[in-house]
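Colleague: Pasting a structure below so you can have a look.
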Amino acid sequence: MMAAPGGRFTAALAIARRDLVEFVRDRRTLFVTLLLPMVTYPIVALSSALGLRTAVSDLEAKAATSTLAVAVSGAEAQPFVVRMRAVAETPPTAGPAAADWPATLEIEALQDGVAAGALLTGVADVWVEAGAGTLAALDGDGTATVSARLSPSRDADPGAERHWEALVRAVSADALRRRAAAAGLPDGFLEPLRVTIVDAPGTVVATASIGPTLAASVLVLLAVLTLTGAFYPAIDAIAGEKERGTIETLLMAPCSTGQIVLGKFLAVFVVTLATLAANVLSIALTASAAVRMLPAGMSMALADLGGGSLVTLVAFIGLAALAAATCLAVTTASKSGKEAQNTLTPVILLVSALAGTAMLPGLRGNPWLSLVPFAGQIVVSRAALVGPDADGGAALPVVAMLGLTLLSALTLTWILLKGTAAMLTDEDILFRGPDAAPRGLARPARRKVPSVAQGAIPVVAGLALVWYAQGIGPDDMLLAIPVHQAVAVVLPLIAMLWWQRVDPTTTLGLTAPRGRVRLVTSLLGAALVGAGLFVVSAAVMLALQGTEVSPAIRSLSQRLVGLIREYPWWVSAGLMALLPAVAEELLYRGWTLAAFAGESPSRPRAAAAVVAQAVLFAVAHLLPERFPATLALGLAAGIVRIATGSILPAIVLHAVHNAMPLVLVALAGGGLADGDLGELAIGTATRLPPAVLAGAGLSIAIGAALIAAAVVGRRPTAAAEPPGTR
Amino acid sequence: MIEVRDLVKHYRGGDGGIVRAVDGVSLAVEAGEMVGLLGANGAGTTTTLRVLATLLRPTAGTALVAGCDSSADPVGVRRRLGYVSATTGVPDRLTPREILTSFGRLHGLAETALTDRVGQLIGQLGLASCADRPAGRLSSGQRQRVSVGRALVHDPPALVLDEPTSALDVIGSRDLLDLLTTLRAEGRAILLSTHRLHEIEHRCDRFVVIHGGRVVAAGTRAELVRDGGELEDAFFAAVAGAGAP
């Protein structure tokens with residue numbers, strides 16, 4: 001019986017179907033998928049409602065227990081106390097005096113020394129000295145003058161001053177009534193106009209909504225729990241197959257590894273979607289119940305619940321796909337479920353932290369955050385549910401943001417699945433035995449090029465070093481740039497080269513294009529691409545973000561301008577162009593690109609490696625506004641490195657790109673901020689002359705053509721074979 | 001039906017050096033023939049079988065199954081070969097029937113034909129009493145029979161088994177080897193490796209002894225065993241004669 005060839009997705013669907021049956025029979029998966037969301041939100045809601053209620057009742061209790069202790073001394077202490085007590089028997093029932101009236105009022109006549117002591121120890125809130133003639137003045141037609149001191153040591157009730165003033169107003173009002181009665185004036189004499197405020201027909205009582213605040217927190221929780229839904233299925237899908245010894249028979253299926261990975265992904269995705277659905281259902285049910293638990297005067301109203309919920313659902317379907325692909329990719333290299341858990345747990349924590357950035361004031365209003373995985377979905381959903389943010393103008397409509405976040409999620413999902421399929425064909429990963437597992441701090445085996453995981457290590461280590469050194473680093477750019485390059489790039493790179501013992505020539509591309517003509521042509525082409533790219537990037541940045549720049553960018557520009565002004569051109573060129581070009585190219589287009597691409601990568605893997613290292617390069621610059629420009633530079637330099645097989649053209653491209661401000665200053669005649677070129681040089685340009693932009697485009701086109709001509713018929717040497725040649 | 005020509009497989013060892021796991025192995029198994037592949041741990045038997053099963057790419061040489069090259073046409077090989085690896089396990093949460101059905105679907109069998117085929121295999125493998133019980137509750141012998149059934153679900157003309165009896169008791173081993181004998185009688189080519197030489201001594205048609213990645217002896221039992229000895233003696237003699245790998 002020879003089996004009939006299945007359709008393109010037959011094998012993938014068969015794998016997905018089989019895995020789904022396995023998943024739903026796993027109690028851990030069912031718990032995380034269905035039970036966890038059903039339990040989590042009610043617990044969160046109950047604790048929040050209890051917290052709110054406690055806070056409100058604390059406030060009410062505080063208001064109810066407000067006290068005012070008044071110590072009165074002086075010649076007429078006793079009659080003044082009697083008068084105040086008489087007034088206190090009928091406290092005001094409306095107006096500010098009623099609001100400020102203390103719940104408990106204690107008024108005592110004391111000797112001077114005793115009253116002073118009571119005030120100093122906080123027993124009394126106010127010490128009043130009522131001298132001789134106080135009552136006579138109060139009941140006559142003069143002004144009674146008493147002195148009052150507030151306790152310097154009272155700590156219980158900060159409203160004592162307000163309570164005292166309310167008492168003073170009440171005693172004054174009582175005195176006025178007494179004077180009017182003595183003069184035979186009617187009661188209305190003292191109150192010529194009384195206004196009573198009543199509700200208009202149809203008036204809705206205003207309530208405070210905690211919806212916007214809750215929405216952000218719940219969205220982050222939703223993202224984390226949706227991600228958690230992919231946790232066990234992803235571990236089970238491939239690492240579990242390895243542990244059970246079933247992976248080999250699966251790989252014997254008559255289909256490509258791509259279809260196997262697609263089937264695995266579909267199964268994990270379906271479970272993740274089920275988790276999302278359970279979460280959404282739990283949120284909806286919990287919210288309807290939680291509204292009743294809120295204290296009076298509070299609601300959970302949102303700007304657009306219907307449309308916002310729809311946007312949230314669509315955005316989070318993208319997040320579910322990304323979560324499934326991420327968990328699958330991370331666990332593929334593990335050989336057992338335990339190892340997969342150990343690998344995936346920190347990744348889940350990191351991704352959760354990434355999702356949390358969508359709550360940060362200043363960031364959450366930035367529509368471009370929509371592109372960031374796991375944070376973008378929260379930003380978009382929050383914008384749709386809550387409306388435009390007060391702390392950041394949403395420059396993009398919600399639909400556009402939703403499109404961006406879906407595009408980002410699907411692109412990343414596709415890249416992750418391709419990477420997972422590539423890992424499943426890696427014999428080292430598939431058949432790695434326990435002996436090959438890393439042993440503590442033992443140096444890893446010598447390799448020709450670094451492993452994929454090692455590709456990111458010096459970048460992460462560099463960022464960590466920069467973070468810890470930022471407080472002690474120099475401010476002067478003359479020192480700051482070399483120190484930064486040394487700490488963030490050179491030291492981690494040298495350490496990894498020593499630790500891993502890779503072949504530096506192959507890894508870093510330390511070889512020149514063969515032949516003088518090829519060398520000159522490729523270097524010239526790279527220089528033209530670098531020059532043009534700087535201008536085109538500036539134009540793109542202007543189009544995307546306008547002329548408003550963040551304080552961080554403005555500060556950096558000002559410091560660089562200071563460097564150009566204060567030092568000779570060759571100092572600026574060395575620090576701004578040559579040093580970063582050499583150091584960063586060796587790290588990103590050397591080490592990282594070689595690690596991601598592998599020793600002899602296919603064309604798709606080489607392309608994925610170029611994109612991955614460029615993203616890392618852009619992220620490592622830690623300037624979100626400059627992300628498109630640094631990404632473009634990383635991509636261009638990566639392509640040139642792959643095409644030429646040498647790091648030299650990439651260094652030239654990067655150096656010329658970074659040197660463009662100096663060149664433009666020279667072309668502008670040295671007057672910074674005078675004319676379009678000068679403004680462009682220092683990043684303050686508000687427009688770009690079409691001729692300059694056209695020239696930049698032409699420069700890139702000619703440069704690319706020169707590089708293409710230089711690499712036609714290139715025969716890489718065995719010793720220095722660059723990534724991407726097979 | 002199964003043919004390996006000058007097969008070489010090198011890989012990177014834990015210390016970064018090159019390990020020559022298979023270094024020029026050639027062998028052939030005809031239809032209706034059962035061949036035993038013998039070798040100590042690390043001799044290269046598993047690597048050879050994995051290359052045949054398209055799980056590893058050969059460094060040099062060719063591995064053919066029913067005329068399909070494992071490098072050039074891996075999917076063609078997979079359609080024509082059933083493979084039971086030494087580490088083969090079965091999913092604990094699926095039943096034997098579900099496991100066989102899912103692999104039948106992977107091979108593109110139509111649902112009606114698949115149901116018949118699975119029913120036939122369950123009967124042939126003696127799994128009727130536990131066909132709908134989760135595999136996690138099966139005995140080692142039953143689980144191994146499920147693995148063999150999975151390798152047979154698409155009715156391949158060739159079968160490769162890597163130490164299929166290593167986890168079985170005496171009764172389980174004999175049942176499995178009886179089954180393989182039946183499959184050979186049906187005209188299938190069978191290549192199996194094992195360390196338990198006495199089990200296959202009188203069942204296989206021929207033997208190939210590998211040591212240090214090279215074939216050090218090959219032939220029928222009569223050709224290998226001399227003076228009334230046993231296959232194990234012939235194996236030790238061949239390995240000792242080849243020297244240290």
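All residue names refer to the structure tokens as shown: chains lettered A, B, ... in order, residues numbered from 1 in each chain, ligands numbered from 1 in order.
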Could you list, as a PyMOL selection string, the residues of chain B having an atom within 8 Å of chain A when counting only C-alpha atoms?
Modeller: chain B and resi 14-16+53-56+74-76+78-80+83-85+87-91+93-94+102-103+105-109+151+154-156
Colleague: Please produce an output containing N, CA and C atoms for each residue in the selection, written as an mmCIF file, in the first residue's frame.
Modeller:
data_model
loop_
_atom_site.group_PDB
_atom_site.id
_atom_site.type_symbol
_atom_site.label_atom_id
_atom_site.label_comp_id
_atom_site.auth_asym_id
_atom_site.auth_seq_id
_atom_site.Cartn_x
_atom_site.Cartn_y
_atom_site.Cartn_z
ATOM 1 N N GLY B 14 32.163 16.824 21.063
ATOM 2 C CA GLY B 14 32.026 17.751 22.189
ATOM 3 C C GLY B 14 33.260 18.604 22.414
ATOM 4 N N ASP B 15 34.445 18.091 22.019
ATOM 5 C CA ASP B 15 35.678 18.866 22.205
ATOM 6 C C ASP B 15 36.014 19.702 20.976
ATOM 7 N N GLY B 16 35.093 19.761 20.023
ATOM 8 C CA GLY B 16 35.320 20.568 18.826
ATOM 9 C C GLY B 16 35.991 19.803 17.705
ATOM 10 N N ALA B 53 17.348 6.620 7.192
ATOM 11 C CA ALA B 53 16.013 7.126 7.529
ATOM 12 C C ALA B 53 15.859 8.615 7.238
ATOM 13 N N THR B 54 16.854 9.228 6.596
ATOM 14 C CA THR B 54 16.868 10.657 6.199
ATOM 15 C C THR B 54 16.946 11.597 7.392
ATOM 16 N N LEU B 55 17.265 11.071 8.565
ATOM 17 C CA LEU B 55 17.357 11.948 9.740
ATOM 18 C C LEU B 55 18.708 12.653 9.806
ATOM 19 N N LEU B 56 19.709 12.067 9.168
ATOM 20 C CA LEU B 56 21.036 12.693 9.081
ATOM 21 C C LEU B 56 21.425 12.799 7.614
ATOM 22 N N PRO B 74 14.444 12.800 0.028
ATOM 23 C CA PRO B 74 14.132 12.270 1.364
ATOM 24 C C PRO B 74 12.663 11.900 1.531
ATOM 25 N N VAL B 75 11.767 12.679 0.922
ATOM 26 C CA VAL B 75 10.339 12.372 1.066
ATOM 27 C C VAL B 75 10.025 11.043 0.380
ATOM 28 N N GLY B 76 10.676 10.786 -0.774
ATOM 29 C CA GLY B 76 10.489 9.508 -1.476
ATOM 30 C C GLY B 76 10.938 8.343 -0.605
ATOM 31 N N ARG B 78 11.043 8.326 2.682
ATOM 32 C CA ARG B 78 10.129 8.186 3.827
ATOM 33 C C ARG B 78 8.841 7.465 3.431
ATOM 34 N N ARG B 79 8.431 7.624 2.163
ATOM 35 C CA ARG B 79 7.227 6.928 1.712
ATOM 36 C C ARG B 79 7.468 5.429 1.560
ATOM 37 N N ARG B 80 8.731 5.035 1.434
ATOM 38 C CA ARG B 80 9.044 3.633 1.121
ATOM 39 C C ARG B 80 9.706 2.900 2.284
ATOM 40 N N TYR B 83 10.599 3.012 9.889
ATOM 41 C CA TYR B 83 11.786 3.160 10.743
ATOM 42 C C TYR B 83 11.382 3.109 12.214
ATOM 43 N N VAL B 84 12.069 2.258 12.951
ATOM 44 C CA VAL B 84 11.865 2.195 14.411
ATOM 45 C C VAL B 84 13.213 2.486 15.052
ATOM 46 N N SER B 85 13.300 3.635 15.717
ATOM 47 C CA SER B 85 14.602 4.025 16.269
ATOM 48 C C SER B 85 14.805 3.413 17.655
ATOM 49 N N THR B 87 15.464 4.914 20.317
ATOM 50 C CA THR B 87 14.859 5.733 21.376
ATOM 51 C C THR B 87 13.359 5.889 21.173
ATOM 52 N N THR B 88 12.818 5.086 20.276
ATOM 53 C CA THR B 88 11.409 5.271 19.939
ATOM 54 C C THR B 88 10.509 5.156 21.159
ATOM 55 N N GLY B 89 9.616 6.098 21.282
ATOM 56 C CA GLY B 89 8.612 6.044 22.320
ATOM 57 C C GLY B 89 7.260 6.270 21.676
ATOM 58 N N VAL B 90 6.237 6.263 22.473
ATOM 59 C CA VAL B 90 4.903 6.555 21.952
ATOM 60 C C VAL B 90 4.269 7.610 22.846
ATOM 61 N N PRO B 91 3.403 8.434 22.275
ATOM 62 C CA PRO B 91 2.759 9.472 23.089
ATOM 63 C C PRO B 91 1.862 8.839 24.151
ATOM 64 N N ARG B 93 -0.508 9.931 25.977
ATOM 65 C CA ARG B 93 -1.923 10.310 26.097
ATOM 66 C C ARG B 93 -2.776 9.871 24.910
ATOM 67 N N LEU B 94 -2.148 9.223 23.919
ATOM 68 C CA LEU B 94 -2.913 8.732 22.771
ATOM 69 C C LEU B 94 -3.027 7.210 22.852
ATOM 70 N N SER B 102 -3.095 8.599 13.240
ATOM 71 C CA SER B 102 -2.473 9.905 12.970
ATOM 72 C C SER B 102 -1.298 9.764 12.003
ATOM 73 N N PHE B 103 -0.516 8.688 12.159
ATOM 74 C CA PHE B 103 0.606 8.518 11.230
ATOM 75 C C PHE B 103 0.111 8.105 9.837
ATOM 76 N N ARG B 105 -2.594 9.278 8.523
ATOM 77 C CA ARG B 105 -2.996 10.562 7.927
ATOM 78 C C ARG B 105 -1.770 11.315 7.415
ATOM 79 N N LEU B 106 -0.687 11.274 8.220
ATOM 80 C CA LEU B 106 0.543 11.949 7.777
ATOM 81 C C LEU B 106 1.025 11.389 6.442
ATOM 82 N N HIS B 107 0.765 10.118 6.216
ATOM 83 C CA HIS B 107 1.185 9.510 4.963
ATOM 84 C C HIS B 107 0.124 9.668 3.883
ATOM 85 N N GLY B 108 -0.906 10.418 4.173
ATOM 86 C CA GLY B 108 -1.889 10.752 3.147
ATOM 87 C C GLY B 108 -2.876 9.637 2.850
ATOM 88 N N LEU B 109 -3.059 8.667 3.751
ATOM 89 C CA LEU B 109 -4.026 7.593 3.495
ATOM 90 C C LEU B 109 -5.447 8.145 3.617
ATOM 91 N N ALA B 151 5.502 2.224 12.095
ATOM 92 C CA ALA B 151 6.439 2.165 10.964
ATOM 93 C C ALA B 151 5.837 1.412 9.783
ATOM 94 N N HIS B 154 1.992 2.693 6.564
ATOM 95 C CA HIS B 154 1.896 3.040 5.141
ATOM 96 C C HIS B 154 2.370 1.885 4.262
ATOM 97 N N ASP B 155 2.520 0.684 4.873
ATOM 98 C CA ASP B 155 2.857 -0.540 4.157
ATOM 99 C C ASP B 155 4.130 -0.383 3.323
ATOM 100 N N PRO B 156 5.249 -0.027 3.974
ATOM 101 C CA PRO B 156 6.482 0.215 3.200
ATOM 102 C C PRO B 156 7.137 -1.109 2.797
#
Colleague: Neighbouring residues of stretch 113-130 of chain B were defined as those with any atom within 7 Å, considering only C-alpha atoms; residues of the same chain fewer than 5 positions away were excluded. Please report them as a ChimeraX atom specification.
Modeller: /B:97,100-101,104,145,149,153
Colleague: Just checking: using only C-alpha atoms, which residue out of A:Val460, A:Leu412, A:Ala527, A:Met477 ends up closest to A:Ile702?
Modeller: A:Ala527
Colleague: Please indicate the distance in Å from atom CA of B:Leu197 to atom CA of B:Leu38, rounded to one decimal place.
Modeller: 7.9 Å
Colleague: Please return as a PyMOL selection string: the residues of stretch 7-152 of chain A that backbone DSSP assigns to alpha helix (DSSP H).
Modeller: chain A and resi 10-24+27-30+36-64+77-88+95-100+112-121+134-139
Colleague: Just the number, please: distance in Å from atom CA of A:Glu599 to atom CA of A:Leu508, one decimal.
Modeller: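 Going from atom CA of A:Glu599 over to atom CA of A:Leu508, I get 12.1 Å.
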Colleague: Neighbours of stretch 188-196 of chain B within 7 Å (only C-alpha atoms; same-chain residues fewer than 4 positions away dropped), as a ChimeraX atom specification?
Modeller: /B:1,29-38,45,157-163,183-184
Colleague: Can you pull out every residue within 8 Å of stretch 278-293 of chain A, counting only C-alpha atoms, but drop anything in the same chain fewer than 6 positions away, and send it as a ChimeraX atom specification?
Modeller: /A:33-34,37-38,41-42,45-46,49,222,225-226,299-300
Colleague: Could you list, as a list in words, every residue within 12 Å of A:Leu310, counting only C-alpha atoms and ignoring same-chain residues fewer than 2 positions away?
Modeller: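 Once the nearby chain positions are removed, what remains is Val280, Asp304, Leu305, Gly306, Gly307, Gly308, Thr312, Leu313, Val314, Ala315, Phe316, Ile317, Val380, Ser381, Arg382, Ala384, Leu385, Val398, Val399 and Leu402 of chain A.
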